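One structure is given below, encoded as structure tokens.
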Amino acid sequence: MEEFFKSIERQAYRMALFSCSNQEDALDLVQDAMCKFVEKYAEKPEEEWKALFYRILQNKIRDFYRKESVRSRWRIWLNGRAEEEDAEPLEQLADPTGQTPERETGNRQMFDHLQQELKKLSLKQQQVFLLRAWEGLSVNEAALAMSCSEGTIKTHYFRATERLRKKLGDHWL
Amino acid sequence: MNDKSDKFTKKICSVLDQSLDDLDTATVSKLSRLKYRALDSATSKKSWKLVWAGLPMTAVLLLIMLFNMPNTQHSQIDLQGVVEFNILTDTEPLDFYTEDIEFYEWLSEVMENDSELSGQHTTVPVDTDSDNSLGSGNRRNTVAQSGNDRISWSIRG
């Protein structure tokens with residue numbers, strides 16, 4: 001179990017950070033997911049661990065996203081900024097990269113650009129893309145992790161890839 | 001088509017992988033800590049589960065003890081009552097149980113010791129309940145006769 005967590009903890013954190021844009025929140029999400037995973041699925045076969053863990057994490061991220069949307073709407077309403085009501089909640093969150101060491105790395109700009117574009121994707125597209133392309137989950141595993149059909153996974157993945165290719169393609173290909 | 005084989009996807013993955021290596025040490029240590037915290041929480045929860053699982057067993061054991069204890073006392077009282085009842089209904093006078101019985105016990109011990117010395121292990125039990133038809137005089141005579149026989153047998157032997 002420890003080895004499994006060791007192998008996925010950084011990806012899980014990065015994935016959570018893409019969604020919630022706050023380091024502490026991302027760490028909390030990963031911890032909650034780990035605790036729940038150990039509690040509920042430790043007895044399951046190891047081959048299923050990855051999909052099950054990401055299923056928990058994705059649920060946590062979605063819950064967080066919903067709560068954050070509500071909070072954000074309240075914040076906007078209280079601040080009287082009605083004109084920003086239609087904006088995506090994630091876009092209104094502070095960009096944490098200004099405080100992370102990524103700025104100091106060689107591929108900082110590429111990562112920032114990618115992060116920016118990933119955040120512009122819908123939450124589902126972003127999650128499906130990261131699970132399929134980065135985590136290497138199969139369509140079946142991604143469907144299990146996302147609690148949806150394989151067809152939905154294929155559609156989200158295709159759209160996410162197309163959108164990223166469109167936005168990043170000129171610089172990345 | 002394998003998704004990972006896509007050049008564009010590969011490029012994205014390499015940038016994302018690179019971002020993992022660039023995580024600051026504070027975040028990495030935090031991740032490590034929360035990982036162990038999660039594992040520890042599972043262990044403590046398991047131990048609590050064992051405690052909770054043991055509680056019904058303990059309760060059942062307590063119940064069994066509570067229900068059995070009066071029965072045990074009751075049976076002891078009954079046994080005592082039966083003995084007293086036997087004494088009261090016996091044809092022997094009560095003096096036999098208060099005074100003479102000590103004599104027979106002593107005599108039995110003497111005879112036991114005697115038989116051990118002579119290598120014989122036959123004992124003459126003091127039976128206060130059986131043979132109630134015999135009077136105290138008859139009983140004394142029988143036991144005394146038996147003792148005399150043994151002593152004379154020991155001297156001869």
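Chain identifiers are assigned as A, B, and so on, following the order in which chains appear in the structure tokens; residues are numbered from 1 within each chain, and ligands are numbered from 1 in order of appearance.
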
Select all residues from chain B having any atom no more than 7 Å from an atom of chain A (counting only C-alpha atoms, ignoring ligands), output as a short mmCIF file (atom, residue, chain, number, x, y, z; two decimals) with N, CA and C atoms, in the first residue's frame.
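Result saved to out38.cif:
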```
data_model
loop_
_atom_site.label_atom_id
_atom_site.label_comp_id
_atom_site.auth_asym_id
_atom_site.auth_seq_id
_atom_site.Cartn_x
_atom_site.Cartn_y
_atom_site.Cartn_z
N ASP B 3 -2.85 5.86 -27.31
CA ASP B 3 -2.89 7.31 -27.05
C ASP B 3 -1.53 7.87 -26.69
N LYS B 4 -0.76 7.05 -25.99
CA LYS B 4 0.55 7.52 -25.53
C LYS B 4 1.52 7.69 -26.68
N PHE B 8 2.00 14.52 -29.61
CA PHE B 8 1.50 15.67 -28.87
C PHE B 8 1.22 15.29 -27.40
N THR B 9 0.57 14.15 -27.24
CA THR B 9 0.26 13.70 -25.88
C THR B 9 1.53 13.40 -25.11
N CYS B 13 2.76 14.90 -21.60
CA CYS B 13 3.11 14.02 -20.48
C CYS B 13 4.51 14.32 -19.95
N VAL B 15 6.09 17.16 -20.07
CA VAL B 15 6.04 18.44 -19.33
C VAL B 15 5.42 18.22 -17.95
N SER B 19 7.14 18.55 -14.24
CA SER B 19 6.57 19.38 -13.16
C SER B 19 6.56 18.63 -11.83
N LEU B 20 6.51 17.30 -11.90
CA LEU B 20 6.55 16.51 -10.67
C LEU B 20 7.93 16.57 -10.03
N ASP B 22 9.87 18.95 -10.29
CA ASP B 22 10.12 20.32 -9.83
C ASP B 22 9.33 20.67 -8.56
N LEU B 23 8.61 19.71 -8.05
CA LEU B 23 7.86 19.99 -6.80
C LEU B 23 8.86 20.33 -5.70
N ASP B 24 8.52 21.35 -4.92
CA ASP B 24 9.45 21.75 -3.86
C ASP B 24 9.47 20.70 -2.75
N LEU B 31 3.47 15.58 1.35
CA LEU B 31 2.80 14.43 0.71
C LEU B 31 3.18 13.13 1.42
N LEU B 34 1.39 13.00 4.83
CA LEU B 34 -0.05 12.69 4.78
C LEU B 34 -0.30 11.25 4.33
N LYS B 35 0.65 10.73 3.56
CA LYS B 35 0.53 9.32 3.15
C LYS B 35 0.60 8.41 4.39
N ALA B 38 -2.46 8.73 6.54
CA ALA B 38 -3.59 7.95 6.01
C ALA B 38 -3.45 6.48 6.39
N LEU B 39 -2.21 5.97 6.28
CA LEU B 39 -1.97 4.56 6.62
C LEU B 39 -2.19 4.33 8.12
N ALA B 42 -5.84 4.28 9.14
CA ALA B 42 -6.48 2.99 8.83
C ALA B 42 -6.18 1.98 9.92
#
```

* To do: Work out how far apart CA of Ile8 (chain A) and CA of Arg55 (chain A) are and give it in Å to one decimal.
  =>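 Computed distance, CA of Ile8 (chain A) to CA of Arg55 (chain A), equals 13.2 Å.
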
* Skipping near chain neighbours, those fewer than 2 positions away, what residues fall within 12 Å of Phe64 (chain A) using only C-alpha atoms, listed as a VMD selection string? -> chain A and resid 16 to 17 19 to 22 25 to 26 28 to 30 32 57 to 62 66 to 72 89 to 90 123

Write the residues of the selection above to a file with N, CA and C atoms, as a PDB file, in the first residue's frame.
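result.pdb, written as the output of this step:
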```pdb
ATOM      1  N   ALA A  16      -4.908  17.199  -8.461  1.00  0.00           N
ATOM      2  CA  ALA A  16      -5.787  17.955  -7.566  1.00  0.00           C
ATOM      3  C   ALA A  16      -5.492  19.445  -7.670  1.00  0.00           C
ATOM      4  N   LEU A  17      -4.226  19.775  -7.827  1.00  0.00           N
ATOM      5  CA  LEU A  17      -3.841  21.186  -7.915  1.00  0.00           C
ATOM      6  C   LEU A  17      -4.377  21.840  -9.195  1.00  0.00           C
ATOM      7  N   SER A  19      -7.115  21.219 -10.479  1.00  0.00           N
ATOM      8  CA  SER A  19      -8.551  21.447 -10.290  1.00  0.00           C
ATOM      9  C   SER A  19      -8.861  22.513  -9.259  1.00  0.00           C
ATOM     10  N   CYS A  20      -8.100  22.510  -8.154  1.00  0.00           N
ATOM     11  CA  CYS A  20      -8.487  23.426  -7.079  1.00  0.00           C
ATOM     12  C   CYS A  20      -7.601  24.664  -6.995  1.00  0.00           C
ATOM     13  N   SER A  21      -6.439  24.639  -7.640  1.00  0.00           N
ATOM     14  CA  SER A  21      -5.568  25.802  -7.737  1.00  0.00           C
ATOM     15  C   SER A  21      -5.071  26.333  -6.394  1.00  0.00           C
ATOM     16  N   ASN A  22      -5.060  25.476  -5.402  1.00  0.00           N
ATOM     17  CA  ASN A  22      -4.534  25.890  -4.109  1.00  0.00           C
ATOM     18  C   ASN A  22      -3.776  24.715  -3.501  1.00  0.00           C
ATOM     19  N   ASP A  25      -5.352  23.042  -0.337  1.00  0.00           N
ATOM     20  CA  ASP A  25      -6.575  22.310  -0.704  1.00  0.00           C
ATOM     21  C   ASP A  25      -6.232  21.032  -1.454  1.00  0.00           C
ATOM     22  N   ALA A  26      -5.245  21.144  -2.341  1.00  0.00           N
ATOM     23  CA  ALA A  26      -4.840  19.963  -3.114  1.00  0.00           C
ATOM     24  C   ALA A  26      -4.304  18.877  -2.189  1.00  0.00           C
ATOM     25  N   ASP A  28      -5.034  18.499   0.956  1.00  0.00           N
ATOM     26  CA  ASP A  28      -6.180  17.968   1.716  1.00  0.00           C
ATOM     27  C   ASP A  28      -6.959  16.946   0.893  1.00  0.00           C
ATOM     28  N   LEU A  29      -7.150  17.278  -0.379  1.00  0.00           N
ATOM     29  CA  LEU A  29      -7.901  16.365  -1.252  1.00  0.00           C
ATOM     30  C   LEU A  29      -7.189  15.025  -1.376  1.00  0.00           C
ATOM     31  N   VAL A  30      -5.859  15.096  -1.547  1.00  0.00           N
ATOM     32  CA  VAL A  30      -5.085  13.858  -1.700  1.00  0.00           C
ATOM     33  C   VAL A  30      -5.149  13.047  -0.407  1.00  0.00           C
ATOM     34  N   ASP A  32      -7.483  13.117   1.937  1.00  0.00           N
ATOM     35  CA  ASP A  32      -8.832  12.548   2.097  1.00  0.00           C
ATOM     36  C   ASP A  32      -9.008  11.317   1.213  1.00  0.00           C
ATOM     37  N   LEU A  57     -10.432  10.157  -5.724  1.00  0.00           N
ATOM     38  CA  LEU A  57      -9.859  11.501  -5.869  1.00  0.00           C
ATOM     39  C   LEU A  57     -10.741  12.385  -6.758  1.00  0.00           C
ATOM     40  N   GLN A  58     -11.216  11.810  -7.860  1.00  0.00           N
ATOM     41  CA  GLN A  58     -12.064  12.592  -8.766  1.00  0.00           C
ATOM     42  C   GLN A  58     -13.366  13.012  -8.082  1.00  0.00           C
ATOM     43  N   ASN A  59     -13.895  12.117  -7.274  1.00  0.00           N
ATOM     44  CA  ASN A  59     -15.112  12.472  -6.527  1.00  0.00           C
ATOM     45  C   ASN A  59     -14.833  13.608  -5.554  1.00  0.00           C
ATOM     46  N   LYS A  60     -13.676  13.513  -4.894  1.00  0.00           N
ATOM     47  CA  LYS A  60     -13.298  14.577  -3.940  1.00  0.00           C
ATOM     48  C   LYS A  60     -13.123  15.906  -4.678  1.00  0.00           C
ATOM     49  N   ILE A  61     -12.490  15.830  -5.830  1.00  0.00           N
ATOM     50  CA  ILE A  61     -12.259  17.046  -6.612  1.00  0.00           C
ATOM     51  C   ILE A  61     -13.599  17.655  -7.055  1.00  0.00           C
ATOM     52  N   ARG A  62     -14.498  16.779  -7.508  1.00  0.00           N
ATOM     53  CA  ARG A  62     -15.812  17.263  -7.946  1.00  0.00           C
ATOM     54  C   ARG A  62     -16.584  17.909  -6.789  1.00  0.00           C
ATOM     55  N   ARG A  66     -17.689  21.800  -6.658  1.00  0.00           N
ATOM     56  CA  ARG A  66     -19.071  22.251  -6.419  1.00  0.00           C
ATOM     57  C   ARG A  66     -19.120  23.251  -5.270  1.00  0.00           C
ATOM     58  N   LYS A  67     -18.452  22.892  -4.167  1.00  0.00           N
ATOM     59  CA  LYS A  67     -18.453  23.789  -3.005  1.00  0.00           C
ATOM     60  C   LYS A  67     -17.808  25.119  -3.367  1.00  0.00           C
ATOM     61  N   GLU A  68     -16.729  25.031  -4.134  1.00  0.00           N
ATOM     62  CA  GLU A  68     -16.003  26.248  -4.506  1.00  0.00           C
ATOM     63  C   GLU A  68     -16.864  27.123  -5.425  1.00  0.00           C
ATOM     64  N   SER A  69     -17.644  26.480  -6.276  1.00  0.00           N
ATOM     65  CA  SER A  69     -18.536  27.238  -7.163  1.00  0.00           C
ATOM     66  C   SER A  69     -19.554  28.019  -6.356  1.00  0.00           C
ATOM     67  N   VAL A  70     -20.120  27.334  -5.360  1.00  0.00           N
ATOM     68  CA  VAL A  70     -21.121  27.999  -4.517  1.00  0.00           C
ATOM     69  C   VAL A  70     -20.481  29.150  -3.758  1.00  0.00           C
ATOM     70  N   ARG A  71     -19.302  28.871  -3.155  1.00  0.00           N
ATOM     71  CA  ARG A  71     -18.599  29.917  -2.401  1.00  0.00           C
ATOM     72  C   ARG A  71     -18.282  31.108  -3.295  1.00  0.00           C
ATOM     73  N   SER A  72     -17.834  30.776  -4.486  1.00  0.00           N
ATOM     74  CA  SER A  72     -17.441  31.825  -5.419  1.00  0.00           C
ATOM     75  C   SER A  72     -18.633  32.710  -5.781  1.00  0.00           C
ATOM     76  N   PRO A  89     -15.870  29.519 -12.159  1.00  0.00           N
ATOM     77  CA  PRO A  89     -15.292  29.738 -10.824  1.00  0.00           C
ATOM     78  C   PRO A  89     -13.788  29.505 -10.784  1.00  0.00           C
ATOM     79  N   LEU A  90     -13.340  28.479 -11.506  1.00  0.00           N
ATOM     80  CA  LEU A  90     -11.905  28.184 -11.476  1.00  0.00           C
ATOM     81  C   LEU A  90     -11.065  29.313 -12.056  1.00  0.00           C
ATOM     82  N   LEU A 123     -14.176  20.469 -16.229  1.00  0.00           N
ATOM     83  CA  LEU A 123     -13.586  19.590 -15.213  1.00  0.00           C
ATOM     84  C   LEU A 123     -13.515  18.147 -15.684  1.00  0.00           C
TER      85      LEU A 123
END
```

* To do: Calculate how many Å separate CA of Glu150 (chain A) from CA of Val128 (chain A), rounding to one decimal.
  => 10.9 Å

* Asked: Which residues come within 8 Å of Leu144 (chain A), counting only C-alpha atoms, excluding same-chain residues fewer than 3 positions away, as a PyMOL selection string?
  -> chain A and resi 51-52+55+140-141+147-148

* Asked: Got a sec to tell me which of chain A DSSP assigns to helix (DSSP H, G or I), as JSON, numbers by chain?
  -> {"A": [2, 3, 4, 5, 6, 7, 8, 9, 10, 11, 12, 13, 14, 15, 16, 17, 18, 19, 20, 23, 24, 25, 26, 27, 28, 29, 30, 31, 32, 33, 34, 35, 36, 37, 38, 39, 40, 41, 46, 47, 48, 49, 50, 51, 52, 53, 54, 55, 56, 57, 58, 59, 60, 61, 62, 63, 64, 65, 66, 67, 68, 69, 70, 71, 72, 73, 74, 75, 76, 77, 78, 79, 82, 83, 84, 89, 90, 91, 92, 96, 97, 98, 99, 101, 102, 103, 104, 108, 109, 110, 111, 112, 113, 114, 115, 116, 117, 118, 119, 120, 123, 124, 125, 126, 127, 128, 129, 130, 131, 132, 133, 134, 139, 140, 141, 142, 143, 144, 145, 146, 150, 151, 152, 153, 154, 155, 156, 157, 158, 159, 160, 161, 162, 163, 164, 165, 166, 167, 168, 169, 170, 171, 172]}
